[in-house]
$ cat upload-v6.csv   # CSV, C-alpha atoms and all ligand atoms
chain,number,residue,atom,x,y,z
A,30,MET,CA,-34.4,21.3,48.4
A,31,THR,CA,-35.4,21.4,44.7
A,32,ARG,CA,-36.7,18.1,43.4
A,33,PHE,CA,-36.7,17.2,39.7
A,34,ILE,CA,-38.6,14.5,37.9
A,35,THR,CA,-36.2,13.1,35.3
A,36,LEU,CA,-37.6,11.6,32.2
A,37,GLU,CA,-35.3,9.9,29.8
A,38,THR,CA,-36.6,10.6,26.3
A,39,ALA,CA,-35.9,7.1,25.0
A,40,ALA,CA,-38.3,5.6,27.6
A,41,LEU,CA,-41.2,7.9,26.6
A,42,GLU,CA,-44.0,7.4,24.1
A,43,PRO,CA,-44.1,9.9,21.2
A,44,GLU,CA,-47.1,11.7,22.7
A,45,GLU,CA,-45.4,12.1,26.0
A,46,ARG,CA,-42.3,13.5,24.3
A,47,TYR,CA,-44.5,15.9,22.4
A,48,LYS,CA,-46.2,17.2,25.5
A,49,LEU,CA,-42.9,17.8,27.3
A,50,VAL,CA,-41.3,19.7,24.4
A,51,ILE,CA,-44.4,22.0,23.9
A,52,GLY,CA,-44.6,22.6,27.6
A,53,ALA,CA,-40.9,23.4,27.9
A,54,VAL,CA,-40.3,25.6,24.8
A,55,VAL,CA,-42.6,28.5,25.6
A,56,PRO,CA,-43.8,31.0,24.7
A,57,ARG,CA,-43.8,30.2,21.0
A,58,PRO,CA,-44.6,32.8,18.3
A,59,VAL,CA,-47.4,31.8,15.9
A,60,ALA,CA,-46.8,31.8,12.2
A,61,TRP,CA,-50.2,32.0,10.5
A,62,ILE,CA,-49.2,30.7,7.1
A,63,THR,CA,-50.9,31.2,3.8
A,64,SER,CA,-50.1,29.0,0.9
A,65,VAL,CA,-51.8,28.1,-2.4
A,66,ASN,CA,-52.4,24.7,-4.0
A,67,GLU,CA,-52.0,23.9,-7.7
A,68,GLN,CA,-55.6,25.0,-8.5
A,69,GLY,CA,-54.9,28.4,-6.8
A,70,LEU,CA,-57.0,27.6,-3.7
A,71,VAL,CA,-55.7,29.6,-0.7
A,72,ASN,CA,-54.9,27.8,2.5
A,73,ALA,CA,-54.3,29.3,6.0
A,74,ALA,CA,-53.1,27.4,9.1
A,75,PRO,CA,-51.2,28.3,12.3
A,76,PHE,CA,-47.8,26.8,13.2
A,77,SER,CA,-45.9,27.5,16.5
A,78,SER,CA,-42.9,25.3,16.0
A,79,TYR,CA,-41.5,28.4,14.4
A,80,ASN,CA,-38.8,31.0,14.6
A,81,TYR,CA,-36.3,33.1,12.6
A,82,VAL,CA,-33.1,31.2,12.0
A,83,CYS,CA,-30.9,33.6,9.9
A,84,HIS,CA,-30.9,37.4,9.3
A,85,ALA,CA,-28.6,37.7,6.3
A,86,PRO,CA,-30.8,37.1,4.4
A,87,PRO,CA,-33.7,36.8,6.8
A,88,MET,CA,-34.9,33.3,7.0
A,89,LEU,CA,-37.8,31.7,9.0
A,90,ALA,CA,-38.1,28.0,9.9
A,91,ILE,CA,-41.4,26.1,10.5
A,92,ASN,CA,-41.7,22.5,11.6
A,93,ILE,CA,-44.7,20.9,10.1
A,94,GLY,CA,-45.6,17.3,11.1
A,95,LEU,CA,-47.5,14.7,9.2
A,96,ARG,CA,-51.3,14.1,9.6
A,97,GLU,CA,-52.2,10.5,9.5
A,98,GLY,CA,-49.0,9.8,7.6
A,99,GLU,CA,-49.7,12.5,4.9
A,100,LEU,CA,-48.4,16.0,4.4
A,101,LYS,CA,-50.6,18.7,5.7
A,102,ASP,CA,-52.0,21.1,3.1
A,103,THR,CA,-49.5,23.8,4.0
A,104,ALA,CA,-46.5,21.5,3.6
A,105,ARG,CA,-47.9,20.1,0.3
A,106,ASN,CA,-48.4,23.5,-1.1
A,107,ILE,CA,-45.0,24.7,0.0
A,108,MET,CA,-43.3,21.7,-1.7
A,109,ALA,CA,-45.4,22.1,-4.8
A,110,ASN,CA,-44.6,25.8,-5.6
A,111,GLY,CA,-41.9,26.8,-3.1
A,112,GLU,CA,-43.8,29.9,-1.8
A,113,PHE,CA,-45.7,30.9,1.3
A,114,VAL,CA,-46.5,33.9,3.5
A,115,VAL,CA,-46.0,34.1,7.3
A,116,ASN,CA,-48.6,36.4,8.8
A,117,VAL,CA,-48.0,37.5,12.4
A,118,ALA,CA,-50.9,36.4,14.6
A,119,THR,CA,-52.2,39.1,17.0
A,120,GLU,CA,-54.6,39.2,19.9
A,121,SER,CA,-57.5,40.6,17.8
A,122,MET,CA,-57.2,37.6,15.4
A,123,LEU,CA,-56.9,34.9,18.0
A,124,GLU,CA,-60.2,33.3,17.3
A,125,PRO,CA,-60.0,33.0,13.4
A,126,MET,CA,-56.3,32.0,13.8
A,127,HIS,CA,-57.2,29.2,16.2
A,128,ALA,CA,-60.2,28.1,14.1
A,129,SER,CA,-57.9,27.8,11.0
A,130,GLY,CA,-56.0,25.1,12.8
A,131,ALA,CA,-59.0,22.7,12.5
A,132,ASP,CA,-58.7,19.8,10.0
A,133,TYR,CA,-60.3,21.4,7.0
A,134,PRO,CA,-60.2,19.2,3.9
A,135,PRO,CA,-57.7,20.3,1.2
A,136,GLU,CA,-60.5,21.5,-1.1
A,137,VAL,CA,-61.8,24.0,1.6
A,138,SER,CA,-60.1,27.4,1.7
A,139,GLU,CA,-59.8,28.5,5.4
A,140,PRO,CA,-59.7,32.3,4.5
A,141,ALA,CA,-63.0,31.9,2.5
A,142,GLU,CA,-64.6,29.7,5.2
A,143,LEU,CA,-63.6,32.1,8.0
A,144,GLY,CA,-64.3,35.3,6.0
A,145,LEU,CA,-60.6,36.5,6.1
A,146,GLN,CA,-59.8,39.3,3.7
A,147,LEU,CA,-56.8,38.7,1.4
A,148,LEU,CA,-54.2,41.0,-0.2
A,149,PRO,CA,-52.2,39.9,-3.2
A,150,GLY,CA,-48.6,38.8,-2.7
A,151,GLN,CA,-46.2,41.2,-4.5
A,152,PHE,CA,-43.2,38.9,-4.9
A,153,VAL,CA,-44.8,35.5,-4.5
A,154,ARG,CA,-48.2,34.2,-5.9
A,155,VAL,CA,-49.5,33.6,-2.4
A,156,PRO,CA,-51.9,36.1,-0.9
A,157,ARG,CA,-51.4,37.7,2.6
A,158,LEU,CA,-53.9,38.0,5.4
A,159,ALA,CA,-55.1,41.6,5.5
A,160,ALA,CA,-55.9,41.5,9.2
A,161,SER,CA,-52.3,40.6,10.1
A,162,PRO,CA,-50.2,43.8,10.8
A,163,VAL,CA,-46.9,42.1,9.6
A,164,GLN,CA,-46.8,39.7,6.7
A,165,MET,CA,-43.6,38.2,5.3
A,166,GLU,CA,-43.5,36.8,1.8
A,167,CYS,CA,-41.2,33.8,1.7
A,168,ARG,CA,-39.6,31.5,-0.9
A,169,LEU,CA,-38.6,28.0,0.2
A,170,GLU,CA,-34.9,27.8,0.8
A,171,ARG,CA,-34.8,24.2,1.8
A,172,ALA,CA,-36.8,21.5,3.5
A,173,ILE,CA,-35.1,19.2,6.0
A,174,ALA,CA,-36.7,16.0,7.2
A,175,LEU,CA,-35.9,15.5,10.9
A,176,GLY,CA,-35.8,12.6,13.3
A,177,SER,CA,-38.1,9.7,12.5
A,178,GLY,CA,-39.4,11.6,9.4
A,179,PHE,CA,-42.6,12.8,11.1
A,180,SER,CA,-41.4,16.4,11.2
A,181,THR,CA,-40.0,18.4,8.4
A,182,LEU,CA,-38.4,21.8,8.9
A,183,TYR,CA,-39.3,24.2,6.1
A,184,ILE,CA,-36.9,27.1,5.9
A,185,GLY,CA,-38.0,30.1,3.9
A,186,GLU,CA,-36.2,33.2,2.9
A,187,VAL,CA,-38.2,36.4,3.5
A,188,VAL,CA,-38.2,38.3,0.2
A,189,ALA,CA,-40.5,41.1,1.4
A,190,PHE,CA,-42.0,42.4,4.7
A,191,HIS,CA,-45.3,44.2,4.7
A,192,VAL,CA,-45.7,46.2,7.9
A,193,ASP,CA,-48.7,48.2,9.1
A,194,GLU,CA,-47.7,51.8,8.9
A,195,ALA,CA,-49.0,52.3,12.5
A,196,LEU,CA,-46.4,49.9,13.7
A,197,TYR,CA,-43.5,51.0,11.6
A,198,ASP,CA,-40.9,53.6,12.8
A,199,GLN,CA,-37.6,54.2,11.0
A,200,GLY,CA,-36.9,50.6,10.2
A,201,ARG,CA,-38.3,49.1,13.4
A,202,ILE,CA,-41.5,47.3,14.2
A,203,ASP,CA,-43.3,48.3,17.4
A,204,SER,CA,-43.7,44.7,18.6
A,205,VAL,CA,-45.3,45.8,21.9
A,206,ARG,CA,-48.1,47.7,20.1
A,207,MET,CA,-48.4,44.8,17.7
A,208,ARG,CA,-49.9,42.6,20.5
A,209,PRO,CA,-48.7,39.3,19.2
A,210,VAL,CA,-50.1,36.0,20.6
A,211,ALA,CA,-47.9,33.1,21.6
A,212,ARG,CA,-48.6,29.5,22.1
A,213,LEU,CA,-48.0,27.7,25.4
A,214,GLY,CA,-48.3,24.0,26.2
A,215,GLY,CA,-51.7,22.3,25.9
A,216,PRO,CA,-54.6,24.5,24.7
A,217,LEU,CA,-53.2,27.8,26.1
A,218,TYR,CA,-52.2,31.0,24.4
A,219,ALA,CA,-50.6,34.1,25.9
A,220,GLY,CA,-50.3,37.8,25.2
A,221,LEU,CA,-47.4,39.9,26.1
A,222,GLY,CA,-46.8,40.2,29.9
A,223,THR,CA,-44.4,42.5,31.7
A,224,ILE,CA,-42.0,44.3,29.3
A,225,TRP,CA,-38.5,45.1,30.5
A,226,ASN,CA,-36.2,47.7,28.8
A,227,ARG,CA,-32.5,47.1,28.9
A,228,PRO,CA,-29.7,48.6,26.8
A,229,ILE,CA,-28.5,46.5,23.9
A,230,LEU,CA,-25.0,45.2,24.8
A,231,ARG,CA,-23.8,43.9,21.5
A,232,THR,CA,-23.2,45.3,18.0
A,233,LEU,CA,-26.3,44.9,15.9
A,234,PRO,CA,-26.0,42.6,12.9
A,235,GLY,CA,-25.2,44.6,9.8
A,236,SER,CA,-24.1,47.8,11.7
A,237,ASN,CA,-20.4,47.1,11.5
A,301,LIG,C1,-51.6,27.6,17.7
A,301,LIG,C2,-51.4,26.4,16.8
A,301,LIG,C3,-50.1,26.0,16.5
A,301,LIG,C4,-49.8,24.9,15.8
A,301,LIG,N1,-48.5,24.6,15.5
A,301,LIG,C5,-48.2,23.5,14.6
A,301,LIG,C6,-46.9,23.2,14.3
A,301,LIG,O1,-45.9,23.9,14.7
A,301,LIG,N2,-46.7,22.2,13.4
A,301,LIG,C7,-47.7,21.4,12.9
A,301,LIG,O2,-47.5,20.5,12.2
A,301,LIG,N3,-49.0,21.7,13.3
A,301,LIG,C8,-49.3,22.7,14.1
A,301,LIG,N4,-50.6,23.0,14.4
A,301,LIG,C9,-51.7,22.2,13.8
A,301,LIG,C10,-52.0,22.7,12.4
A,301,LIG,O3,-52.4,24.1,12.4
A,301,LIG,C11,-53.2,21.9,11.9
A,301,LIG,O4,-52.7,20.5,11.7
A,301,LIG,C12,-53.8,22.4,10.6
A,301,LIG,O5,-55.0,21.7,10.3
A,301,LIG,C13,-52.9,22.3,9.4
A,301,LIG,O6,-53.6,22.9,8.3
A,301,LIG,P1,-53.3,22.6,6.8
A,301,LIG,O7,-53.6,21.1,6.5
A,301,LIG,O8,-54.3,23.5,6.1
A,301,LIG,O9,-51.9,22.9,6.5
A,301,LIG,C14,-50.9,24.1,15.2
A,301,LIG,C15,-52.2,24.5,15.6
A,301,LIG,C16,-52.4,25.6,16.4
A,301,LIG,C17,-53.9,25.9,16.7

$ encode --input "upload-v6.csv" --output "structure tokens"
Amino acid sequence: MTRFITLETAALEPEERYKLVIGAVVPRPVAWITSVNEQGLVNAAPFSSYNYVCHAPPMLAINIGLREGELKDTARNIMANGEFVVNVATESMLEPMHASGADYPPEVSEPAELGLQLLPGQFVRVPRLAASPVQMECRLERAIALGSGFSTLYIGEVVAFHVDEALYDQGRIDSVRMRPVARLGGPLYAGLGTIWNRPILRTLPGSN
């Protein structure tokens, strides 16, 4: 007989709720976000409460929490100038991506500190991370405060995709060869596991 431990959310402390949600919603893709502050300092940090939420036009959503009651640098920069870049994090960049999640003070540029090469944005004033094989230039569409106000969902419209030509084939990205990393609960990351190939059973968006 299957046994379940039932936990009513209302009876849990915030940290307990957090641990459950990040253990249940897995694997999560990692948005390695670059942004710039008003002085032009480039910031980079990873966020895994992230996904695409619209395809026409393409939109990405990232949930950024507060840190000691204050906006994180990424959130402050996005609110200040409405622009950011989502760089896909891959296996070969796991270490610098993880390191960029440390609490660097706002006046420290993570790409400079970690020796990450930058490429200029072409549609936004935010640079891209050269080591990432897929970079998406985004303009803030809207920011939505959620729940108790600790979390804000930043929705960005993708205004340009930059795809490594080795991964690009007739409008598609070879996401298997891309070797993305995903976040699990706790301190764990994962790579791609078994890949299954099944025919697509629905009409693709935009093809009718
Ligand atoms: C893999 C990974 C995923 C993370 N996901 C999130 C997230 O979804 N939301 C969030 O607020 N912080 C997340 N963090 C923590 C931020 O990266 C961290 O607070 C970082 O210092 C923020 O940097 P910033 O102040 O330069 O924006 C994550 C950290 C790691 C390592």

$ residues_near_ligand --input "upload-v6.csv" --ligand "ligand LIG 301 (chain A)" --cutoff "6 Å" --atoms "all atoms listed in the file" --output "list in words"
Asn72, Ala73, Ala74, Pro75, Phe76, Ser77, Ser78, Asn92, Ile93, Gly94, Lys101, Asp102, Thr103, His127, Gly130, Ala131, Asp132 and Arg212 of chain A

$ residues_around --input "upload-v6.csv" --residues "Pro140 in chain A" --least-positions-apart "6" --cutoff "10 Å" --atoms "all atoms listed in the file" --output "number ranges by chain"
A: 63, 70-74, 125-126, 129, 146-147, 158

$ atom_distance --input "upload-v6.csv" --atom1 "CA of His84 in chain A" --atom2 "CA of Pro234 in chain A"
8.0 Å

$ closest_residue --input "upload-v6.csv" --among "A:Glu42, A:Pro162, A:Ala195, A:Leu230" --to "Thr119 in chain A" --atoms "only C-alpha atoms"
A:Pro162

$ atom_distance --input "upload-v6.csv" --atom1 "CA of Ser180 in chain A" --atom2 "CA of Glu136 in chain A"
23.3 Å

$ atom_distance --input "upload-v6.csv" --atom1 "CA of Leu95 in chain A" --atom2 "CA of Phe152 in chain A"
28.3 Å

$ residues_around --input "upload-v6.csv" --residues "Met122 in chain A" --least-positions-apart "5" --cutoff "10 Å" --atoms "all atoms listed in the file" --output "ChimeraX atom specification"
/A:117,127,145,160-161,209-210

$ closest_residue --input "upload-v6.csv" --among "A:Gly150, A:Tyr47, A:Asn226, A:Ile107" --to "Ala172 in chain A" --atoms "only C-alpha atoms"
A:Ile107

$ closest_residue --input "upload-v6.csv" --among "A:Ile34, A:Glu97, A:Cys83, A:Asn110" --to "Val65 in chain A" --atoms "only C-alpha atoms"
A:Asn110

$ closest_residue --input "upload-v6.csv" --among "A:Asp203, A:Glu37, A:Glu120, A:Glu186" --to "Ile91 in chain A" --atoms "all atoms listed in the file"
A:Glu186

$ residues_near_point --input "upload-v6.csv" --point "(-41.0, 34.2, -7.9)" --cutoff "10 Å" --atoms "all atoms listed in the file" --output "number ranges by chain"
A: 110-112, 151-154, 167-168, 188

$ build_atoms --input "upload-v6.csv" --residues "range 49-62 of chain A" --atoms "N, CA and C atoms" --output "short mmCIF file (atom, residue, chain, number, x, y, z; two decimals), in the frame of the given file"
data_model
loop_
_atom_site.label_atom_id
_atom_site.label_comp_id
_atom_site.auth_asym_id
_atom_site.auth_seq_id
_atom_site.Cartn_x
_atom_site.Cartn_y
_atom_site.Cartn_z
N LEU A 49 -44.03 17.18 26.54
CA LEU A 49 -42.90 17.80 27.30
C LEU A 49 -42.28 18.92 26.48
N VAL A 50 -42.06 18.67 25.20
CA VAL A 50 -41.30 19.70 24.40
C VAL A 50 -42.22 20.94 24.25
N ILE A 51 -43.53 20.75 24.05
CA ILE A 51 -44.40 22.00 23.90
C ILE A 51 -44.65 22.67 25.17
N GLY A 52 -44.44 21.97 26.30
CA GLY A 52 -44.60 22.60 27.60
C GLY A 52 -43.29 23.35 27.99
N ALA A 53 -42.15 22.85 27.49
CA ALA A 53 -40.90 23.40 27.90
C ALA A 53 -40.45 24.59 26.99
N VAL A 54 -40.78 24.50 25.70
CA VAL A 54 -40.30 25.60 24.80
C VAL A 54 -41.49 26.55 24.62
N VAL A 55 -41.51 27.51 25.54
CA VAL A 55 -42.60 28.50 25.60
C VAL A 55 -42.05 29.87 25.94
N PRO A 56 -42.72 30.94 25.60
CA PRO A 56 -43.80 31.00 24.70
C PRO A 56 -43.35 30.91 23.25
N ARG A 57 -44.17 30.32 22.38
CA ARG A 57 -43.80 30.20 21.00
C ARG A 57 -44.56 31.18 20.12
N PRO A 58 -43.90 31.89 19.22
CA PRO A 58 -44.60 32.80 18.30
C PRO A 58 -45.49 31.91 17.37
N VAL A 59 -46.51 32.52 16.82
CA VAL A 59 -47.40 31.80 15.90
C VAL A 59 -47.22 32.32 14.48
N ALA A 60 -46.81 31.43 13.59
CA ALA A 60 -46.80 31.80 12.20
C ALA A 60 -48.11 31.37 11.57
N TRP A 61 -48.87 32.34 11.13
CA TRP A 61 -50.20 32.00 10.50
C TRP A 61 -49.86 32.01 8.99
N ILE A 62 -49.72 30.81 8.45
CA ILE A 62 -49.20 30.70 7.10
C ILE A 62 -50.25 30.56 6.05
#
